[in-house]
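Source file protein-v5.cif; content: mmCIF, C-alpha atoms.
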```cif
data_target
loop_
_atom_site.label_atom_id
_atom_site.label_comp_id
_atom_site.auth_asym_id
_atom_site.auth_seq_id
_atom_site.Cartn_x
_atom_site.Cartn_y
_atom_site.Cartn_z
CA MET A 261 6.40 -23.03 -61.55
CA GLY A 262 2.68 -22.73 -60.81
CA ALA A 263 1.06 -20.99 -57.86
CA ASP A 264 0.21 -24.33 -56.22
CA ALA A 265 3.82 -25.44 -56.29
CA LEU A 266 5.05 -22.10 -54.98
CA SER A 267 2.58 -22.15 -52.10
CA ARG A 268 3.33 -25.75 -51.07
CA PRO A 269 4.39 -25.82 -47.36
CA VAL A 270 8.08 -26.36 -46.67
CA ARG A 271 9.17 -27.66 -43.28
CA SER A 272 12.59 -25.98 -43.18
CA ALA A 273 14.85 -23.76 -45.25
CA THR A 274 18.56 -23.78 -45.91
CA ILE A 275 20.18 -20.35 -45.63
CA ILE A 276 23.21 -19.70 -47.85
CA SER A 277 25.90 -17.42 -46.44
CA GLY A 278 28.78 -16.75 -48.81
CA GLU A 279 30.09 -20.12 -50.00
CA ARG A 280 28.92 -22.01 -46.94
CA MET A 281 25.44 -23.35 -46.19
CA THR A 282 24.26 -22.86 -42.63
CA ASP A 283 21.98 -25.25 -40.77
CA PRO A 284 18.32 -25.19 -41.87
CA LEU A 285 16.05 -22.85 -39.92
CA PRO A 286 12.71 -24.26 -38.74
CA VAL A 287 9.80 -22.82 -40.66
CA GLU A 288 8.30 -21.54 -37.38
CA ILE A 289 11.30 -19.23 -36.86
CA LEU A 290 11.12 -17.99 -40.43
CA GLN A 291 7.40 -17.34 -40.01
CA THR A 292 8.12 -15.23 -36.92
CA ILE A 293 10.70 -13.23 -38.90
CA PHE A 294 8.19 -12.59 -41.69
CA GLU A 295 5.51 -11.48 -39.23
CA TYR A 296 7.98 -9.09 -37.60
CA VAL A 297 8.95 -7.62 -40.99
CA GLN A 298 5.30 -7.14 -41.95
CA GLN A 299 4.36 -5.55 -38.62
CA HIS A 300 7.10 -2.97 -39.11
CA GLY A 301 5.78 -1.92 -42.50
CA GLU A 302 8.40 -3.57 -44.71
CA PRO A 303 7.17 -4.87 -48.10
CA LEU A 304 7.10 -8.64 -48.41
CA LEU A 305 7.04 -8.77 -52.22
CA PRO A 306 10.86 -8.81 -52.63
CA TRP A 307 11.05 -11.64 -50.10
CA SER A 308 8.33 -13.63 -51.87
CA LEU A 309 10.38 -13.62 -55.12
CA THR A 310 13.49 -15.10 -53.49
CA CYS A 311 12.59 -18.79 -53.31
CA PRO A 312 9.57 -21.12 -52.98
CA THR A 313 9.91 -21.20 -49.20
CA PHE A 314 9.83 -17.42 -48.88
CA HIS A 315 6.98 -17.23 -51.40
CA HIS A 316 4.90 -19.53 -49.22
CA LEU A 317 5.76 -17.68 -46.01
CA ALA A 318 4.92 -14.32 -47.63
CA GLN A 319 1.50 -15.69 -48.61
CA VAL A 320 0.88 -16.91 -45.07
CA SER A 321 1.66 -13.46 -43.66
CA LEU A 322 -0.05 -11.37 -46.35
CA PHE A 323 -3.32 -13.30 -46.36
CA ARG A 324 -3.61 -14.07 -42.65
CA THR A 325 -5.94 -11.06 -42.36
CA ILE A 326 -8.23 -9.90 -45.17
CA ARG A 327 -10.32 -6.73 -45.03
CA LEU A 328 -13.36 -6.54 -47.26
CA TYR A 329 -14.25 -2.85 -47.16
CA SER A 330 -15.71 -2.17 -50.62
CA CYS A 331 -17.25 -3.96 -53.57
CA SER A 332 -14.15 -3.41 -55.72
CA ARG A 333 -11.97 -4.85 -52.94
CA ALA A 334 -14.20 -7.93 -52.76
CA GLU A 335 -14.02 -8.36 -56.53
CA SER A 336 -10.21 -8.12 -56.48
CA LEU A 337 -9.85 -10.70 -53.70
CA GLU A 338 -12.34 -12.98 -55.43
CA GLY A 339 -10.09 -13.06 -58.50
CA ILE A 340 -6.97 -13.79 -56.44
CA LEU A 341 -8.51 -16.61 -54.44
CA LEU A 342 -10.16 -18.23 -57.45
CA LYS A 343 -6.77 -18.38 -59.19
CA SER A 344 -4.90 -19.51 -56.05
CA PRO A 345 -7.33 -21.42 -53.80
CA SER A 346 -4.35 -22.81 -51.86
CA ILE A 347 -4.23 -19.40 -50.11
CA LEU A 348 -7.60 -20.00 -48.39
CA PRO A 349 -6.31 -22.12 -45.47
CA HIS A 350 -3.91 -19.29 -44.55
CA VAL A 351 -6.76 -16.80 -43.93
CA LYS A 352 -7.43 -16.57 -40.19
CA GLN A 353 -9.08 -13.14 -39.74
CA VAL A 354 -11.86 -11.65 -41.89
CA PHE A 355 -13.14 -8.09 -41.48
CA VAL A 356 -16.29 -7.13 -43.40
CA ILE A 357 -16.43 -3.32 -43.18
CA HIS A 358 -19.44 -1.91 -44.99
CA GLY A 359 -20.42 1.67 -45.84
CA HIS A 360 -17.23 2.67 -47.70
CA HIS A 361 -17.49 6.09 -49.39
CA GLU A 362 -16.60 4.48 -52.74
CA ASP A 363 -19.65 2.22 -52.56
CA ILE A 364 -21.90 5.06 -51.40
CA ALA A 365 -20.77 7.23 -54.34
CA ARG A 366 -21.55 4.41 -56.78
CA GLY A 367 -24.83 3.44 -55.15
CA ARG A 368 -23.58 -0.05 -54.31
CA SER A 369 -23.79 -2.13 -51.14
CA LEU A 370 -21.12 -4.59 -50.10
CA LEU A 371 -23.76 -6.52 -48.17
CA HIS A 372 -25.62 -7.25 -51.40
CA HIS A 373 -22.58 -7.95 -53.57
CA SER A 374 -22.18 -11.39 -55.13
CA SER A 375 -18.37 -11.33 -54.71
CA LEU A 376 -18.72 -11.07 -50.93
CA ALA A 377 -21.16 -13.98 -50.85
CA LEU A 378 -18.77 -16.11 -52.93
CA LEU A 379 -15.74 -15.19 -50.80
CA LEU A 380 -17.56 -16.08 -47.58
CA ARG A 381 -18.65 -19.37 -49.09
CA MET A 382 -15.09 -20.19 -50.21
CA LEU A 383 -13.72 -19.32 -46.77
CA HIS A 384 -16.32 -21.58 -45.18
CA ASP A 385 -15.59 -24.52 -47.48
CA GLU A 386 -11.79 -24.33 -47.68
CA GLY A 387 -10.65 -22.02 -44.90
CA TYR A 388 -10.02 -22.19 -41.17
CA ILE A 389 -11.30 -18.80 -40.05
CA GLU A 390 -10.59 -17.97 -36.41
CA GLU A 391 -11.90 -14.37 -36.21
CA LEU A 392 -14.78 -12.61 -38.00
CA GLU A 393 -15.94 -9.01 -37.71
CA VAL A 394 -18.85 -7.23 -39.42
CA SER A 395 -18.72 -3.47 -38.71
CA TRP A 396 -18.99 0.05 -40.14
CA PHE A 397 -16.48 1.99 -42.21
CA THR A 398 -16.01 4.99 -39.89
CA PRO A 399 -15.95 7.90 -42.39
CA SER A 400 -19.13 6.70 -44.11
CA GLY A 401 -21.88 9.19 -44.74
CA ARG A 402 -24.33 7.10 -42.75
CA PRO A 403 -24.42 7.64 -38.97
CA ARG A 404 -22.89 4.77 -36.98
CA TRP A 405 -25.93 4.62 -34.69
CA VAL A 406 -28.16 3.61 -37.61
CA LYS A 407 -28.63 -0.13 -37.37
CA LEU A 408 -28.85 -2.50 -40.29
CA SER A 409 -31.79 -4.78 -40.80
CA TRP A 410 -30.64 -8.40 -40.96
CA GLU A 411 -33.53 -9.21 -43.27
CA TYR A 412 -33.41 -6.24 -45.66
CA ASP A 413 -29.83 -4.85 -45.62
CA PHE A 414 -28.16 -8.24 -46.14
CA SER A 415 -28.79 -10.32 -49.26
CA THR A 416 -30.13 -13.83 -48.72
CA ASP A 417 -26.87 -15.40 -49.93
CA ILE A 418 -24.74 -13.28 -47.62
CA ARG A 419 -27.00 -13.94 -44.62
CA GLN A 420 -26.68 -17.68 -45.17
CA ALA A 421 -22.92 -17.48 -45.81
CA LEU A 422 -22.36 -15.44 -42.63
CA GLN A 423 -24.44 -17.83 -40.53
CA ASP A 424 -22.54 -20.83 -41.89
CA LEU A 425 -19.20 -19.13 -41.23
CA ILE A 426 -20.20 -18.07 -37.70
CA ARG A 427 -21.29 -21.61 -36.86
CA ARG A 428 -18.10 -23.14 -38.24
CA GLY A 429 -16.15 -24.91 -35.52
CA SER A 430 -12.86 -23.14 -36.27
CA LEU A 431 -14.22 -19.66 -35.43
CA LYS A 432 -13.02 -18.44 -32.03
CA THR A 433 -13.72 -14.68 -32.07
CA LEU A 434 -16.81 -12.89 -33.38
CA HIS A 435 -17.55 -9.14 -33.43
CA LEU A 436 -20.81 -7.74 -34.81
CA GLU A 437 -21.90 -4.09 -34.89
CA SER A 438 -25.20 -2.29 -35.44
CA ILE A 439 -27.47 -5.10 -36.67
CA HIS A 440 -31.04 -5.54 -35.52
CA ASP A 441 -33.49 -8.44 -35.68
CA ILE A 442 -30.72 -10.99 -36.06
CA PRO A 443 -32.08 -14.50 -35.38
CA ALA A 444 -29.85 -15.58 -32.51
CA ALA A 445 -30.79 -19.27 -32.47
CA GLU A 446 -30.06 -19.64 -36.19
CA THR A 447 -26.89 -17.53 -36.15
CA PHE A 448 -24.92 -18.18 -32.96
CA ASP A 449 -23.29 -21.47 -32.06
CA LEU A 450 -21.44 -20.74 -28.84
CA SER A 451 -20.24 -24.28 -28.16
CA THR A 452 -16.80 -23.54 -29.71
CA LEU A 453 -16.64 -19.71 -29.76
CA LYS A 454 -14.28 -18.22 -27.15
CA GLU A 455 -14.81 -14.46 -27.56
CA LEU A 456 -18.03 -12.64 -28.50
CA SER A 457 -18.37 -8.88 -28.95
CA LEU A 458 -21.70 -7.25 -29.83
CA HIS A 459 -22.26 -3.49 -30.19
CA ASN A 460 -25.81 -2.27 -30.84
CA VAL A 461 -26.87 -5.76 -31.90
CA VAL A 462 -30.53 -6.63 -31.24
CA VAL A 463 -31.66 -10.23 -31.45
CA ASP A 464 -34.96 -11.06 -33.10
CA SER A 465 -37.80 -10.55 -30.65
CA ARG A 466 -39.24 -13.89 -31.76
CA ASP A 467 -36.27 -15.71 -30.21
CA LYS A 468 -37.15 -17.50 -27.02
CA LEU A 469 -35.88 -15.45 -24.07
CA SER A 470 -37.12 -17.52 -21.15
CA GLY A 471 -37.83 -21.08 -20.26
CA GLN A 472 -36.05 -24.03 -18.66
CA GLU A 473 -32.53 -23.87 -17.32
CA PRO A 474 -29.99 -24.14 -20.18
CA THR A 475 -28.20 -27.45 -20.63
CA THR A 476 -25.88 -26.61 -23.57
CA PRO A 477 -22.36 -25.71 -22.37
CA SER A 478 -20.39 -23.00 -24.16
CA ASN A 479 -16.64 -22.37 -24.29
CA LEU A 480 -17.06 -18.59 -24.11
CA GLU A 481 -14.27 -16.92 -22.14
CA ILE A 482 -14.97 -13.28 -23.05
CA ILE A 483 -18.33 -11.55 -23.59
CA GLN A 484 -18.53 -7.86 -24.49
CA VAL A 485 -22.00 -6.40 -25.03
CA SER A 486 -22.79 -2.73 -25.45
CA GLY A 487 -25.49 -0.37 -26.59
CA ASN A 488 -29.06 -1.19 -27.55
CA GLY A 489 -29.95 -4.85 -27.34
CA ALA A 490 -27.26 -5.77 -24.81
CA SER A 491 -29.63 -6.95 -22.09
CA LEU A 492 -31.89 -8.70 -24.61
CA PHE A 493 -28.96 -10.77 -25.86
CA MET A 494 -27.83 -11.58 -22.32
CA GLN A 495 -31.32 -12.87 -21.55
CA TRP A 496 -31.19 -15.08 -24.64
CA LEU A 497 -27.71 -16.31 -23.72
CA ARG A 498 -28.74 -17.23 -20.20
CA THR A 499 -31.77 -19.11 -21.53
CA HIS A 500 -29.79 -21.19 -24.04
CA TYR A 501 -26.23 -21.66 -22.77
CA GLN A 502 -24.23 -22.35 -19.67
CA THR A 503 -20.96 -20.40 -19.47
CA PRO A 504 -18.67 -22.29 -17.07
CA SER A 505 -15.48 -20.98 -18.72
CA LEU A 506 -16.36 -17.26 -18.68
CA LYS A 507 -13.37 -15.16 -17.54
CA ARG A 508 -14.30 -11.63 -18.59
CA ILE A 509 -17.62 -9.87 -19.01
CA SER A 510 -17.91 -6.30 -20.28
CA ILE A 511 -21.32 -4.61 -20.07
CA SER A 512 -22.08 -1.18 -21.48
CA ILE A 513 -25.66 0.08 -21.53
CA PRO A 514 -25.70 3.89 -21.87
CA LEU A 515 -28.77 5.40 -20.26
CA GLN A 516 -30.18 8.90 -20.33
CA PRO A 517 -31.61 10.80 -17.32
CA ASP A 518 -35.17 10.39 -18.61
CA ASP A 519 -34.99 6.59 -18.86
CA THR A 520 -38.02 4.72 -17.67
CA ILE A 521 -38.19 1.99 -15.06
CA ALA A 522 -38.11 -0.55 -17.89
CA GLY A 523 -34.68 0.80 -18.86
CA LEU A 524 -33.44 0.22 -15.32
CA ASP A 525 -34.78 -3.32 -15.41
CA GLU A 526 -32.50 -4.00 -18.35
CA ILE A 527 -29.48 -3.37 -16.14
CA ALA A 528 -30.86 -5.73 -13.51
CA ALA A 529 -31.27 -8.44 -16.16
CA VAL A 530 -27.58 -8.19 -17.01
CA ASN A 531 -26.55 -8.75 -13.38
CA GLU A 532 -27.45 -12.42 -13.53
CA PRO A 533 -24.54 -13.64 -15.72
CA ILE A 534 -22.10 -11.91 -13.34
CA MET A 535 -23.63 -13.71 -10.39
CA ASP A 536 -23.93 -17.04 -12.22
CA ASN A 537 -20.20 -17.13 -13.09
CA TRP A 538 -18.69 -16.27 -9.72
CA GLU A 539 -16.40 -19.31 -9.86
CA SER A 540 -14.62 -18.35 -13.11
CA LEU A 541 -14.80 -14.57 -13.64
CA GLU A 542 -11.46 -12.73 -13.57
CA GLN A 543 -12.52 -9.34 -14.96
CA ILE A 544 -15.75 -7.34 -14.85
CA ASP A 545 -16.14 -4.12 -16.86
CA ILE A 546 -19.20 -1.96 -16.18
CA TYR A 547 -20.08 1.17 -18.12
CA SER A 548 -22.87 3.56 -17.28
CA ASN A 549 -23.34 7.20 -18.21
CA ARG A 550 -25.62 7.88 -15.28
CA ALA A 551 -23.77 9.51 -12.45
CA ASP A 552 -24.31 10.02 -8.74
CA SER A 553 -27.74 8.94 -7.46
CA LEU A 554 -29.10 8.56 -10.98
CA ASP A 555 -26.79 5.62 -11.61
CA PRO A 556 -28.92 2.46 -11.19
CA GLY A 557 -25.56 0.74 -11.26
CA PHE A 558 -25.74 -2.97 -10.53
CA THR A 559 -26.70 -2.45 -6.90
CA ASP A 560 -27.90 -6.04 -6.56
CA LEU A 561 -24.46 -7.49 -7.30
CA ASN A 562 -22.46 -9.21 -4.60
CA LEU A 563 -18.81 -10.01 -5.35
CA SER A 564 -17.98 -11.73 -2.08
CA ARG A 565 -17.70 -15.15 -3.78
CA HIS A 566 -15.73 -13.92 -6.82
CA LEU A 567 -12.40 -15.08 -5.43
CA LYS A 568 -10.72 -15.27 -8.87
CA LEU A 569 -11.61 -11.68 -9.71
CA LYS A 570 -8.53 -9.67 -10.68
CA ILE A 571 -9.98 -6.52 -12.27
CA LEU A 572 -13.16 -4.55 -11.58
CA ALA A 573 -13.46 -1.66 -14.05
CA LYS A 574 -16.14 1.01 -13.87
CA ARG A 575 -16.57 3.96 -16.21
CA VAL A 576 -19.03 6.74 -15.50
CA ASP A 577 -19.73 9.56 -17.97
CA TYR A 578 -20.78 12.99 -16.73
CA TYR A 579 -22.61 15.35 -19.11
CA CYS A 580 -22.02 19.02 -18.26
CA ASP A 581 -24.13 21.63 -20.05
CA THR A 582 -24.54 24.40 -17.51
CA ASP A 583 -22.44 27.29 -16.26
CA TYR A 584 -21.58 25.21 -13.22
CA ALA A 585 -20.10 21.87 -14.25
CA HIS A 586 -20.26 19.44 -11.36
CA LEU A 587 -18.30 16.20 -11.18
CA PRO A 588 -19.96 14.21 -8.40
CA PRO A 589 -18.22 11.46 -6.43
CA PRO A 590 -18.15 7.84 -7.59
CA SER A 591 -21.73 6.65 -7.52
CA PRO A 592 -23.18 5.00 -4.40
CA SER A 593 -23.75 1.83 -6.41
CA LEU A 594 -20.01 1.53 -7.08
CA VAL A 595 -19.20 2.09 -3.42
CA ASP A 596 -21.77 -0.56 -2.46
CA LEU A 597 -20.34 -2.96 -5.04
CA VAL A 598 -16.77 -2.52 -3.80
CA SER A 599 -17.94 -3.09 -0.23
CA THR A 600 -18.92 -6.67 -1.17
CA ILE A 601 -15.40 -7.63 -2.31
CA ASP A 602 -13.65 -10.17 -0.09
CA PRO A 603 -11.33 -8.41 2.41
CA GLU A 604 -8.40 -10.60 1.34
CA SER A 605 -8.97 -10.00 -2.38
CA THR A 606 -6.15 -8.56 -4.49
CA VAL A 607 -8.54 -7.16 -7.09
CA GLN A 608 -7.52 -4.04 -9.03
CA ILE A 609 -10.25 -1.41 -9.23
CA ARG A 610 -10.13 0.70 -12.39
CA LEU A 611 -12.25 3.82 -12.12
CA THR A 612 -12.70 6.08 -15.16
CA LEU A 613 -14.44 9.44 -14.83
CA TYR A 614 -15.23 10.97 -18.23
CA ALA A 615 -16.57 14.52 -18.38
CA HIS A 616 -18.45 15.55 -21.53
CA PHE A 617 -18.62 19.32 -21.92
CA LEU A 618 -21.49 19.91 -24.32
CA SER A 619 -20.97 23.64 -24.86
CA LEU A 620 -18.64 26.52 -24.10
CA SER A 621 -21.04 27.69 -21.40
CA SER A 622 -19.94 24.75 -19.25
CA PHE A 623 -16.43 26.21 -19.09
CA GLY A 624 -17.43 28.25 -16.08
CA SER A 625 -16.32 26.51 -12.89
CA LEU A 626 -15.87 22.97 -11.66
CA ALA A 627 -16.93 21.45 -8.38
CA GLY A 628 -14.68 19.02 -6.55
CA ILE A 629 -14.45 15.26 -6.80
CA ASP A 630 -15.06 13.51 -3.50
CA LEU A 631 -13.35 10.12 -3.18
CA THR A 632 -13.98 9.88 0.56
CA PRO A 633 -16.89 7.36 0.30
CA LEU A 634 -14.73 5.05 -1.78
CA ALA A 635 -11.76 5.44 0.56
CA ASP A 636 -14.03 4.65 3.53
CA VAL A 637 -15.19 1.34 2.12
CA LEU A 638 -11.64 0.33 1.17
CA GLU A 639 -10.34 0.78 4.72
CA GLU A 640 -10.68 -2.95 5.40
CA LYS A 641 -9.43 -4.09 1.97
CA ARG A 642 -5.73 -3.26 2.06
CA ALA A 643 -4.80 -5.71 -0.70
CA VAL A 644 -7.06 -3.95 -3.19
CA SER A 645 -5.38 -1.51 -5.59
CA LEU A 646 -7.06 1.54 -7.08
CA HIS A 647 -6.34 2.97 -10.54
CA ILE A 648 -8.08 6.19 -11.56
CA TRP A 649 -8.42 7.73 -15.03
CA VAL A 650 -9.90 11.17 -15.65
CA CYS A 651 -10.76 12.17 -19.22
CA SER A 652 -12.64 14.90 -21.03
CA ASN A 653 -13.81 15.50 -24.56
CA TRP A 654 -12.34 19.01 -24.26
CA HIS A 655 -8.62 18.45 -23.84
CA MET A 656 -8.03 21.88 -22.28
CA ARG A 657 -10.44 20.98 -19.48
CA THR A 658 -8.66 17.73 -18.60
CA ALA A 659 -6.01 19.74 -16.72
CA SER A 660 -8.71 21.36 -14.56
CA ILE A 661 -10.25 18.00 -13.74
CA LYS A 662 -6.76 16.64 -13.01
CA ALA A 663 -6.21 19.45 -10.49
CA LEU A 664 -9.50 18.64 -8.75
CA LEU A 665 -8.58 15.00 -8.32
CA GLU A 666 -5.03 15.78 -7.19
CA ASN A 667 -6.38 18.07 -4.47
CA GLN A 668 -8.64 15.26 -3.27
CA LEU A 669 -5.83 12.70 -3.29
CA GLU A 670 -3.47 15.07 -1.45
CA SER A 671 -6.09 15.55 1.25
CA LEU A 672 -6.49 11.78 1.70
CA GLN A 673 -2.70 11.36 1.77
CA ARG A 674 -2.38 13.94 4.54
CA GLN A 675 -4.91 11.90 6.50
CA GLY A 676 -2.70 8.84 6.00
CA ARG A 677 -5.45 6.94 4.20
CA LEU A 678 -3.70 6.32 0.89
CA ARG A 679 -0.54 6.99 -1.07
CA VAL A 680 -0.27 7.94 -4.74
CA ARG A 681 2.34 5.64 -6.23
CA THR A 682 2.25 6.66 -9.91
CA THR A 683 0.88 9.51 -11.99
CA ASP A 684 1.00 9.54 -15.76
CA VAL A 685 -0.61 10.84 -18.94
CA ILE A 686 -1.95 8.10 -21.22
CA GLY A 687 -3.28 9.58 -24.43
CA ASP A 688 -5.74 12.29 -23.41
CA ALA A 689 -6.34 10.74 -19.98
CA ARG A 690 -4.67 11.46 -16.64
CA PHE A 691 -3.84 8.36 -14.64
CA TRP A 692 -3.18 7.71 -10.95
CA GLU A 693 -2.14 4.47 -9.25
CA VAL A 694 -3.08 4.55 -5.58
CA ASP A 695 -1.91 2.37 -2.68
CA LEU A 696 -4.21 1.99 0.33
CA ARG A 697 -2.64 2.35 3.76
#
```

Please render this file's structure as structure tokens.
Amino acid sequence: MGADALSRPVRSATIISGERMTDPLPVEILQTIFEYVQQHGEPLLPWSLTCPTFHHLAQVSLFRTIRLYSCSRAESLEGILLKSPSILPHVKQVFVIHGHHEDIARGRSLLHHSSLALLLRMLHDEGYIEELEVSWFTPSGRPRWVKLSWEYDFSTDIRQALQDLIRRGSLKTLHLESIHDIPAAETFDLSTLKELSLHNVVVDSRDKLSGQEPTTPSNLEIIQVSGNGASLFMQWLRTHYQTPSLKRISISIPLQPDDTIAGLDEIAAVNEPIMDNWESLEQIDIYSNRADSLDPGFTDLNLSRHLKLKILAKRVDYYCDTDYAHLPPPSPSLVDLVSTIDPESTVQIRLTLYAHFLSLSSFGSLAGIDLTPLADVLEEKRAVSLHIWVCSNWHMRTASIKALLENQLESLQRQGRLRVRTTDVIGDARFWEVDLR
């Protein structure tokens, strides 16, 4: 029996038990069983050899996600899919992970390999891809902060194949990492995409970033932008698309203490999508590594109309490289932002304080964490909940930071201003769930 016959869909299967045949199981239930088996690390090959139905279901599970992480891997998958093209419609997730040590050792680039171009073309023509990611292989010898040139590091065929795949109507989730000068207008079609994640992605400066109000609606529900180019992309997005369905926006623009005024203007430019989508937003994530008064922090935002908002998450990184490591209170901009929340809101505030100790010299002493300004502004917002995480890149110092925060929370509890409901350790972070009184 050929591969096409074996991979032909079957609507139900008859299960034989002893000498008696049980009622047929719907293929959806069998598919769930296969997915469970695969998720728990069990091999599917023995199952695939049992009968045509199980062969088909094994293919569906095995090829739902394909990872193209080296030239040899791309060549192998090219051979499989050319022999069994009926597998292509089962592929839903594609991860292109470049910079594998095998390719580096051989002086090859996945992003210039003909097998990758052919695979992407086949997936575009015959597949129904729902998720696409182009990212780095972590252990590569090339630093992750080095960005790829869209024009020079990608072959012409692969650039065209990626653009065609990204603009295909079936794609719902797109993640791109460390690419610069990508032509946004030619690459992104956001009319059907639901989730977009960009890390260190810089759109081509020749793309139009201002003009008339956008008239093209998008179906985007989640936008996550971080690193260099984040504000530039958000300006392009606001110029070209309306986002009436946006539910979550995550913004991460790390800044250094010596940033110029132009750097602060970038943050202001990102405020606009948050304000524009007050009717639909349910979660806002804000990351800034500028603490205390240095944090430019989104001070122009007003969340009083964001009545659907469920989660407001803020992470602030503190860099300690002196004998006296100081963890200042949550920045004034965060306190100001929280003050604009509707008094009847049930929003959950997630505050993460991350202390980076850059040298052993910063193991001297730690100053306290003052949550009083945040507690003051929450006095009139009793329905708001507060979750706090404290982390450190030196695990032995996390306990010291934990003690600082516990002392502060105990003081506020004695004053009757809040109650700590839950404490926990999640990974390397210490977690507190706080009720306001």

Need to verify the contact set: Glu393 (chain A), 8 Å, only C-alpha atoms, exclusion of same-chain residues closer than 5 positions in sequence. Can you return it as a list in words?
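Everything that qualifies: Val354, Phe355, Val356, Ile357, Leu434, His435 and Leu436 of chain A.
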
Suppose we keep C-alpha atoms; can you now write the selection as a PDB file, in the frame of the given file?
```pdb
ATOM      1  CA  VAL A 354     -11.860 -11.650 -41.890  1.00  0.00           C
ATOM      2  CA  PHE A 355     -13.140  -8.090 -41.480  1.00  0.00           C
ATOM      3  CA  VAL A 356     -16.290  -7.130 -43.400  1.00  0.00           C
ATOM      4  CA  ILE A 357     -16.430  -3.320 -43.180  1.00  0.00           C
ATOM      5  CA  LEU A 434     -16.810 -12.890 -33.380  1.00  0.00           C
ATOM      6  CA  HIS A 435     -17.550  -9.140 -33.430  1.00  0.00           C
ATOM      7  CA  LEU A 436     -20.810  -7.740 -34.810  1.00  0.00           C
TER       8      LEU A 436
END
```

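With distances taken over all atoms listed in the file, A:Arg508 is the one residue among A:Arg324, A:Arg498, A:Arg674, A:Arg508 lying closest to Ile482 (chain A).
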
Give me, as a PyMOL selection string, all polymer residues having an atom no more than 9 Å from Leu290 (chain A), counting all atoms listed in the file and skipping those fewer than 3 positions away in the same chain.
chain A and resi 272-273+285-287+293-295+314+317

Name the residues captured by the PyMOL selection byres ((chain A and resi 691) around 12) when it is applied to the shown file; answer as a PyMOL selection string.
chain A and resi 610-613+646-651+658-659+661-662+665-666+680-690+692-694

Name the residues captured by the PyMOL selection byres ((chain A and resi 596-606) around 9) when it is applied to the shown file; answer as an NGL selection string.
:A and (557-572 or 591-595 or 607-609 or 634 or 637-638 or 640-645)

Picked residues, the PyMOL selection byres ((chain A and resi 497) around 10), as a PDB file with C-alpha atoms, in the coordinates of the input:
```
ATOM      1  CA  ALA A 444     -29.850 -15.580 -32.510  1.00  0.00           C
ATOM      2  CA  ALA A 445     -30.790 -19.270 -32.470  1.00  0.00           C
ATOM      3  CA  PHE A 448     -24.920 -18.180 -32.960  1.00  0.00           C
ATOM      4  CA  LEU A 450     -21.440 -20.740 -28.840  1.00  0.00           C
ATOM      5  CA  LEU A 469     -35.880 -15.450 -24.070  1.00  0.00           C
ATOM      6  CA  SER A 470     -37.120 -17.520 -21.150  1.00  0.00           C
ATOM      7  CA  PRO A 474     -29.990 -24.140 -20.180  1.00  0.00           C
ATOM      8  CA  SER A 478     -20.390 -23.000 -24.160  1.00  0.00           C
ATOM      9  CA  SER A 491     -29.630  -6.950 -22.090  1.00  0.00           C
ATOM     10  CA  LEU A 492     -31.890  -8.700 -24.610  1.00  0.00           C
ATOM     11  CA  PHE A 493     -28.960 -10.770 -25.860  1.00  0.00           C
ATOM     12  CA  MET A 494     -27.830 -11.580 -22.320  1.00  0.00           C
ATOM     13  CA  GLN A 495     -31.320 -12.870 -21.550  1.00  0.00           C
ATOM     14  CA  TRP A 496     -31.190 -15.080 -24.640  1.00  0.00           C
ATOM     15  CA  ARG A 498     -28.740 -17.230 -20.200  1.00  0.00           C
ATOM     16  CA  THR A 499     -31.770 -19.110 -21.530  1.00  0.00           C
ATOM     17  CA  HIS A 500     -29.790 -21.190 -24.040  1.00  0.00           C
ATOM     18  CA  TYR A 501     -26.230 -21.660 -22.770  1.00  0.00           C
ATOM     19  CA  GLN A 502     -24.230 -22.350 -19.670  1.00  0.00           C
ATOM     20  CA  THR A 503     -20.960 -20.400 -19.470  1.00  0.00           C
ATOM     21  CA  PRO A 533     -24.540 -13.640 -15.720  1.00  0.00           C
TER      22      PRO A 533
END
```

As a ChimeraX atom specification, please: the residues near Glu386 (chain A) (cut-off 9 Å, all atoms listed in the file, same-chain neighbours under 5 positions excluded).
/A:345-346,348-349,381

Within 12 Å of (-28.6, -11.5, -43.3), in the coordinates the file gives, what residues turn up when you count only C-alpha atoms, written out as JSON, numbers by chain?
{"A": [371, 372, 377, 394, 408, 409, 410, 411, 412, 413, 414, 415, 416, 417, 418, 419, 420, 421, 422, 423, 424, 439, 440, 441, 442, 443, 444, 446, 447]}

For a cut-off of 10 Å around (-17.4, -3.0, -51.2), file coordinates, pick out all residues using only C-alpha atoms and list them as a PyMOL selection string.
chain A and resi 328-335+356-364+368-373+375-376

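Between CA of Phe323 (chain A) and CA of Val461 (chain A) the interatomic distance comes to 28.6 Å.
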
For each of A:Val351, A:Val576, A:Cys311, A:Val320, take the minimum atom-to-atom distance to Glu288 (chain A), counting all atoms listed in the file, then give the residue where this is smallest.
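Looking at the shortest contact to Glu288 (chain A), the residue is A:Val320.
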
For CA of Asn667 (chain A) and CA of Ile544 (chain A), quote the distance in Å rounded to one decimal.
29.0 Å

Using all atoms listed in the file, which residues sit within 10 Å of Gly429 (chain A) once same-chain residues fewer than 6 positions away are excluded, as a list in words?
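My list of contacting residues is Tyr388, Ile389, Glu390, Asp449, Leu450, Ser451, Thr452 and Leu453 of chain A.
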
Atom pair CA of Leu506 (chain A) / CA of Asp536 (chain A): separation (Å):
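CA of Asp536 (chain A) lies 10.0 Å from CA of Leu506 (chain A).
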
Please provide as a list in words all residues within 12 Å of Leu672 (chain A), with the sequence filter that same-chain residues fewer than 4 positions apart are discarded (counting only C-alpha atoms).
Asp630, Leu631, Thr632, Pro633, Leu634, Ala635, Asp636, Leu665, Glu666, Asn667, Gln668, Gly676, Arg677, Leu678, Arg679, Val680, Val694, Asp695, Leu696 and Arg697 of chain A
